[in-house]
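Peer 1: Contents of protein_1.cif (mmCIF, C-alpha atoms) are given next:
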```cif
data_entry
#
loop_
_atom_site.label_atom_id
_atom_site.label_comp_id
_atom_site.auth_asym_id
_atom_site.auth_seq_id
_atom_site.Cartn_x
_atom_site.Cartn_y
_atom_site.Cartn_z
CA MET A 374 -126.64 68.35 206.22
CA ALA A 375 -123.76 66.37 204.73
CA LEU A 376 -122.09 66.30 208.13
CA LEU A 377 -125.25 64.92 209.76
CA SER A 378 -125.55 62.27 207.06
CA ALA A 379 -121.91 61.27 207.55
CA ILE A 380 -122.37 61.03 211.32
CA PHE A 381 -125.53 58.97 210.87
CA LEU A 382 -123.85 56.59 208.41
CA PHE A 383 -120.79 56.26 210.62
CA SER A 384 -122.81 55.56 213.77
CA THR A 385 -125.07 53.09 211.94
CA GLY A 386 -122.03 51.30 210.57
CA ALA A 387 -120.41 51.19 214.01
CA VAL A 388 -123.56 49.71 215.57
CA TYR A 389 -123.82 47.17 212.76
CA GLY A 390 -120.13 46.30 213.19
CA GLN A 391 -120.58 45.78 216.93
CA ALA A 392 -123.60 43.54 216.34
CA LEU A 393 -121.65 41.56 213.74
CA ASN A 394 -118.72 41.17 216.16
CA ARG A 395 -121.08 39.99 218.90
CA ASP A 396 -122.66 37.51 216.49
CA ILE A 397 -119.22 36.18 215.49
CA GLU A 398 -118.10 35.97 219.14
CA GLU A 399 -121.26 34.05 220.04
CA LEU A 400 -120.68 31.68 217.13
CA ILE A 401 -117.10 31.07 218.25
CA GLN A 402 -118.22 30.43 221.84
CA ASP A 403 -120.97 28.06 220.67
CA ILE A 404 -118.46 26.09 218.62
CA VAL A 405 -116.04 25.84 221.55
CA SER A 406 -118.83 24.76 223.88
CA ASP A 407 -120.00 22.13 221.44
CA VAL A 408 -116.70 20.67 220.27
CA ILE A 409 -114.34 21.08 223.24
CA ASN A 410 -116.77 20.65 226.13
CA ARG A 411 -118.35 17.57 224.57
CA THR A 412 -114.92 15.95 224.29
CA VAL A 413 -113.95 16.93 227.84
CA ASP A 414 -117.15 15.31 229.11
CA LYS A 415 -116.38 12.10 227.19
CA ALA A 416 -112.86 12.02 228.63
CA ARG A 417 -114.14 12.56 232.17
CA GLU A 418 -116.49 9.62 231.73
CA VAL A 419 -113.58 7.43 230.57
CA VAL A 420 -111.53 8.48 233.61
CA TYR A 421 -114.46 7.78 235.92
CA ARG A 422 -115.12 4.34 234.41
CA ASN A 423 -111.47 3.40 234.68
CA THR A 424 -110.55 4.84 238.07
CA GLY A 425 -113.66 5.83 239.97
CA ILE A 426 -112.27 9.37 240.02
CA ASP A 427 -114.81 12.03 239.19
CA VAL A 428 -112.59 14.66 237.62
CA GLY A 429 -115.12 17.36 238.48
CA GLN A 430 -115.13 16.30 242.14
CA GLU A 431 -111.43 15.32 242.28
CA GLY A 432 -111.90 12.28 244.46
CA TYR A 433 -112.84 8.68 244.67
CA THR A 434 -116.47 7.79 244.58
CA PRO A 435 -117.63 6.46 247.93
CA GLY A 436 -119.15 3.04 247.68
CA ARG A 437 -117.47 2.19 244.38
CA ARG A 438 -117.47 -1.56 244.02
CA HIS A 439 -114.23 -3.35 243.40
CA GLU A 440 -113.72 -6.98 242.60
CA PRO A 441 -113.17 -8.81 245.88
CA LEU A 442 -109.86 -10.51 246.49
CA PRO A 443 -109.86 -14.19 247.26
CA ARG A 444 -109.97 -14.84 250.99
CA ASN A 445 -106.66 -16.61 250.91
CA ALA A 446 -104.83 -13.69 249.23
CA SER A 447 -101.65 -12.86 251.09
CA ASP A 448 -100.93 -9.44 252.54
CA GLU A 449 -98.17 -9.05 249.96
CA THR A 450 -100.60 -9.78 247.12
CA ARG A 451 -103.05 -7.26 248.54
CA ARG A 452 -100.34 -4.58 248.80
CA GLU A 453 -99.17 -5.27 245.25
CA LEU A 454 -102.70 -4.99 243.87
CA VAL A 455 -103.33 -1.76 245.76
CA GLN A 456 -100.05 -0.38 244.40
CA LEU A 457 -100.96 -1.45 240.84
CA ARG A 458 -104.35 0.22 241.16
CA ARG A 459 -102.81 3.46 242.42
CA GLU A 460 -100.28 3.50 239.58
CA HIS A 461 -103.05 2.81 237.08
CA ASP A 462 -105.22 5.61 238.47
CA ARG A 463 -102.29 8.06 238.33
CA GLU A 464 -101.54 7.09 234.74
CA ILE A 465 -105.18 7.49 233.64
CA LYS A 466 -105.37 10.86 235.38
CA LYS A 467 -102.11 11.90 233.67
CA LEU A 468 -103.55 10.92 230.28
CA GLU A 469 -106.64 13.00 230.97
CA GLU A 470 -104.44 15.99 231.90
CA GLU A 471 -102.47 15.57 228.65
CA LEU A 472 -105.74 15.58 226.70
CA ASP A 473 -106.88 18.71 228.55
CA LYS A 474 -103.66 20.48 227.53
CA LYS A 475 -104.15 19.49 223.88
CA LEU A 476 -107.77 20.63 223.97
CA ASP A 477 -106.82 23.94 225.57
CA GLN A 478 -104.19 24.47 222.89
CA ALA A 479 -106.67 23.61 220.12
CA GLU A 480 -109.24 25.97 221.63
CA ARG A 481 -106.77 28.86 221.86
CA GLU A 482 -105.67 28.30 218.28
CA PHE A 483 -109.28 28.10 217.07
CA ARG A 484 -110.27 31.29 218.89
CA ARG A 485 -107.22 33.12 217.52
CA GLU A 486 -107.83 31.98 213.94
CA ALA A 487 -111.62 32.40 214.04
CA ALA A 488 -111.30 35.92 215.46
CA LYS A 489 -109.49 36.91 212.27
CA GLU A 490 -112.53 35.93 210.20
CA ASN A 491 -115.74 37.89 209.75
CA LYS A 492 -117.76 35.40 207.72
CA ARG A 493 -119.67 32.47 209.14
CA ASP A 494 -118.58 30.07 206.40
CA LYS A 495 -114.91 30.79 207.14
CA ILE A 496 -115.50 30.25 210.84
CA ASN A 497 -117.29 26.98 210.09
CA GLU A 498 -114.22 25.89 208.10
CA LYS A 499 -112.17 26.61 211.23
CA ARG A 500 -114.70 24.54 213.21
CA ARG A 501 -114.09 21.54 210.97
CA GLU A 502 -110.36 21.94 211.52
CA LEU A 503 -110.95 22.16 215.28
CA GLU A 504 -113.15 19.05 215.22
CA ALA A 505 -110.45 17.12 213.37
CA LYS A 506 -107.79 18.12 215.91
CA VAL A 507 -110.03 17.36 218.86
CA ASP A 508 -111.10 14.01 217.42
CA GLU A 509 -107.47 13.07 216.81
CA ALA A 510 -106.46 14.07 220.36
CA TYR A 511 -109.37 12.11 221.84
CA ALA A 512 -108.57 9.03 219.72
CA LYS A 513 -104.97 9.09 221.00
CA PHE A 514 -106.23 9.52 224.57
CA SER A 515 -108.62 6.60 224.18
CA GLU A 516 -105.91 4.44 222.63
CA LYS A 517 -103.52 5.22 225.51
CA VAL A 518 -106.23 4.46 228.10
CA ASP A 519 -106.88 1.10 226.42
CA GLU A 520 -103.15 0.33 226.45
CA GLU A 521 -102.90 1.30 230.13
CA ASN A 522 -105.81 -1.02 230.93
CA ARG A 523 -104.14 -3.87 229.05
CA SER A 524 -100.92 -3.14 230.92
CA LEU A 525 -102.74 -3.26 234.24
CA MET A 526 -104.29 -6.61 233.36
CA ARG A 527 -100.91 -8.03 232.33
CA SER A 528 -99.35 -6.82 235.57
CA ALA A 529 -102.19 -8.17 237.70
CA ILE A 530 -101.96 -11.61 236.08
CA ARG A 531 -98.25 -11.99 236.80
#
```
Please express what this file holds, its structure, as structure tokens.
Peer 2:
Amino acid sequence: MALLSAIFLFSTGAVYGQALNRDIEELIQDIVSDVINRTVDKAREVVYRNTGIDVGQEGYTPGRRHEPLPRNASDETRRELVQLRREHDREIKKLEEELDKKLDQAEREFRREAAKENKRDKINEKRRELEAKVDEAYAKFSEKVDEENRSLMRSAIR
């Protein structure tokens, strides 16, 4: 009888432990989806607004409207502007890739640290830390994009 009771308690505890682990894993995934994916979507929108590149599609948007050049613009001016635009697009794309790397690193660190915890409140503390890192990375990305846009305008005016 004692053996049956021990087996029952052990199996019940194992099932409970598995359910708790699943619950924790789902919480971790929900946090990653909310914090990281939301930021990735914001960054993709910034890239699209600045370059016309849809990061998900990896290409230029057909029919994107550009400011027309004056009719009397020389071929040299046209080539210079095309070159400036290409350089700008590459730089914006590079900034987005840098942000992706930082977000991936933050996500890996969060998953590693959160997996060590078994209480929701501890995992939510880790979420706040993740949000702070992600917000800081996005703010730097946004600042660099703004600087790149200012640089493009300065170069185009010359």
Peer 1: Compile the contact shell of Leu503 of chain A as an MDAnalysis selection string: residues with an atom at most 10 Å away, counting only C-alpha atoms, same-chain residues fewer than 5 positions apart removed.
Peer 2: chainID A and resid 404:405 408:409 476 479:480 482:484 497:498 508:509
Peer 1: Restricting the calculation to only C-alpha atoms: of A:Asn423, A:Ser528, A:Thr412, A:Asn445, which residue gets closest to Ala505 of chain A?
Peer 2: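 Looking at the shortest contact to Ala505 of chain A, the residue is A:Thr412.
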Peer 1: Once the PyMOL selection byres ((chain A and resi 525) around 12) is applied to the coordinates I shared, what remains selected? I want it as a list in words.
Peer 2: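 For this structure, the PyMOL selection byres ((chain A and resi 525) around 12) captures Asn423, Thr424, Glu453, Leu454, Val455, Gln456, Leu457, Arg458, Arg459, Glu460, His461, Asp462, Glu464, Ile465, Val518, Asp519, Glu520, Glu521, Asn522, Arg523, Ser524, Met526, Arg527, Ser528, Ala529, Ile530 and Arg531 of chain A.
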Peer 1: Go ahead and compute the interatomic distance for atom CA of Glu469 of chain A and atom CA of Val420 of chain A, in Å to one decimal.
Peer 2: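 That distance, rounded to one decimal, is 7.2 Å.
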Peer 1: Nearest to Glu486 of chain A: which of A:Asn394, A:Thr450, A:Ile401, A:Ser406 is it, counting all atoms listed in the file?
Peer 2: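 Looking at the shortest contact to Glu486 of chain A, the residue is A:Ile401.
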Peer 1: Do you have the atom CA of Ala512 of chain A-atom CA of Arg481 of chain A distance handy?
Peer 2: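 About the pair atom CA of Ala512 of chain A and atom CA of Arg481 of chain A: they are 20.0 Å apart.
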Peer 1: In Å, how far is it from atom CA of Glu471 of chain A to atom CA of Gly425 of chain A?
Peer 2: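 Straight-line distance from atom CA of Glu471 of chain A to atom CA of Gly425 of chain A works out to 18.7 Å.
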Peer 1: Would you please work out which residue, of A:Phe514, A:Lys499, A:Asp494, A:Ala446, is nearest to Lys467 of chain A when using all atoms listed in the file?
Peer 2: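 Between A:Phe514, A:Lys499, A:Asp494, A:Ala446, the residue approaching Lys467 of chain A most closely is A:Phe514.
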Peer 1: Please write segment 444-456 of chain A of the preceding block to a file containing all heavy atoms, as a tab-separated table (two decimals), in the first residue's frame?
Peer 2:
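Heads up, here's the output in decode_5.tsv:
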```tsv
chain	number	residue	atom	x	y	z
A	444	ARG	N	13.64	69.09	-64.14
A	444	ARG	CA	13.88	68.67	-65.53
A	444	ARG	C	15.28	69.01	-66.00
A	444	ARG	O	15.85	68.33	-66.83
A	444	ARG	CB	12.86	69.32	-66.46
A	444	ARG	CG	11.49	68.74	-66.26
A	444	ARG	CD	10.53	69.33	-67.23
A	444	ARG	NE	9.20	68.88	-66.84
A	444	ARG	CZ	8.16	69.00	-67.59
A	444	ARG	NH1	8.25	69.58	-68.76
A	444	ARG	NH2	7.00	68.58	-67.17
A	445	ASN	N	15.81	70.09	-65.48
A	445	ASN	CA	17.12	70.52	-65.94
A	445	ASN	C	18.27	69.89	-65.15
A	445	ASN	O	19.41	70.31	-65.29
A	445	ASN	CB	17.23	72.04	-65.91
A	445	ASN	CG	17.06	72.60	-64.51
A	445	ASN	OD1	16.68	71.87	-63.59
A	445	ASN	ND2	17.32	73.88	-64.36
A	446	ALA	N	17.99	68.88	-64.34
A	446	ALA	CA	19.05	68.22	-63.56
A	446	ALA	C	19.99	67.49	-64.51
A	446	ALA	O	19.55	66.79	-65.43
A	446	ALA	CB	18.45	67.24	-62.57
A	447	SER	N	21.27	67.66	-64.27
A	447	SER	CA	22.26	67.03	-65.15
A	447	SER	C	22.33	65.53	-64.88
A	447	SER	O	21.90	65.05	-63.83
A	447	SER	CB	23.64	67.66	-64.92
A	447	SER	OG	24.12	67.31	-63.64
A	448	ASP	N	22.92	64.81	-65.81
A	448	ASP	CA	23.11	63.37	-65.63
A	448	ASP	C	23.99	63.10	-64.42
A	448	ASP	O	23.76	62.15	-63.67
A	448	ASP	CB	23.73	62.75	-66.88
A	448	ASP	CG	22.76	62.68	-68.05
A	448	ASP	OD1	21.54	62.78	-67.81
A	448	ASP	OD2	23.23	62.52	-69.19
A	449	GLU	N	24.98	63.95	-64.21
A	449	GLU	CA	25.87	63.79	-63.06
A	449	GLU	C	25.09	63.95	-61.76
A	449	GLU	O	25.26	63.17	-60.82
A	449	GLU	CB	27.02	64.80	-63.13
A	449	GLU	CG	27.98	64.67	-61.97
A	449	GLU	CD	29.10	65.69	-62.02
A	449	GLU	OE1	29.26	66.39	-63.03
A	449	GLU	OE2	29.81	65.79	-61.00
A	450	THR	N	24.23	64.95	-61.70
A	450	THR	CA	23.41	65.17	-60.51
A	450	THR	C	22.51	63.96	-60.26
A	450	THR	O	22.37	63.50	-59.12
A	450	THR	CB	22.56	66.44	-60.66
A	450	THR	OG1	23.43	67.55	-60.83
A	450	THR	CG2	21.65	66.66	-59.47
A	451	ARG	N	21.92	63.45	-61.31
A	451	ARG	CA	21.05	62.28	-61.18
A	451	ARG	C	21.83	61.07	-60.65
A	451	ARG	O	21.36	60.37	-59.76
A	451	ARG	CB	20.40	61.93	-62.52
A	451	ARG	CG	19.39	62.95	-62.98
A	451	ARG	CD	18.86	62.61	-64.38
A	451	ARG	NE	18.08	63.70	-64.91
A	451	ARG	CZ	16.81	63.92	-64.64
A	451	ARG	NH1	16.17	63.12	-63.83
A	451	ARG	NH2	16.18	64.95	-65.16
A	452	ARG	N	23.02	60.84	-61.20
A	452	ARG	CA	23.85	59.72	-60.73
A	452	ARG	C	24.24	59.89	-59.27
A	452	ARG	O	24.21	58.95	-58.49
A	452	ARG	CB	25.11	59.60	-61.59
A	452	ARG	CG	24.89	58.89	-62.93
A	452	ARG	CD	26.20	58.55	-63.61
A	452	ARG	NE	27.06	59.71	-63.84
A	452	ARG	CZ	26.98	60.53	-64.90
A	452	ARG	NH1	26.07	60.31	-65.82
A	452	ARG	NH2	27.80	61.54	-65.03
A	453	GLU	N	24.60	61.11	-58.89
A	453	GLU	CA	24.99	61.37	-57.50
A	453	GLU	C	23.82	61.12	-56.54
A	453	GLU	O	24.01	60.53	-55.47
A	453	GLU	CB	25.49	62.81	-57.34
A	453	GLU	CG	26.85	63.04	-57.95
A	453	GLU	CD	27.28	64.50	-57.90
A	453	GLU	OE1	26.51	65.35	-57.38
A	453	GLU	OE2	28.37	64.80	-58.40
A	454	LEU	N	22.63	61.56	-56.93
A	454	LEU	CA	21.47	61.35	-56.08
A	454	LEU	C	21.10	59.87	-55.96
A	454	LEU	O	20.73	59.40	-54.88
A	454	LEU	CB	20.28	62.16	-56.58
A	454	LEU	CG	20.41	63.67	-56.37
A	454	LEU	CD1	19.25	64.41	-57.04
A	454	LEU	CD2	20.46	64.00	-54.89
A	455	VAL	N	21.22	59.15	-57.07
A	455	VAL	CA	20.95	57.71	-57.03
A	455	VAL	C	21.97	57.03	-56.11
A	455	VAL	O	21.61	56.18	-55.28
A	455	VAL	CB	21.00	57.09	-58.45
A	455	VAL	CG1	21.06	55.57	-58.40
A	455	VAL	CG2	19.78	57.54	-59.25
A	456	GLN	N	23.24	57.43	-56.22
A	456	GLN	CA	24.27	56.86	-55.37
A	456	GLN	C	24.01	57.19	-53.89
A	456	GLN	O	24.13	56.32	-53.03
A	456	GLN	CB	25.66	57.37	-55.79
A	456	GLN	CG	26.79	56.81	-54.98
A	456	GLN	CD	26.91	55.30	-55.09
A	456	GLN	OE1	26.57	54.72	-56.11
A	456	GLN	NE2	27.38	54.67	-54.03
```
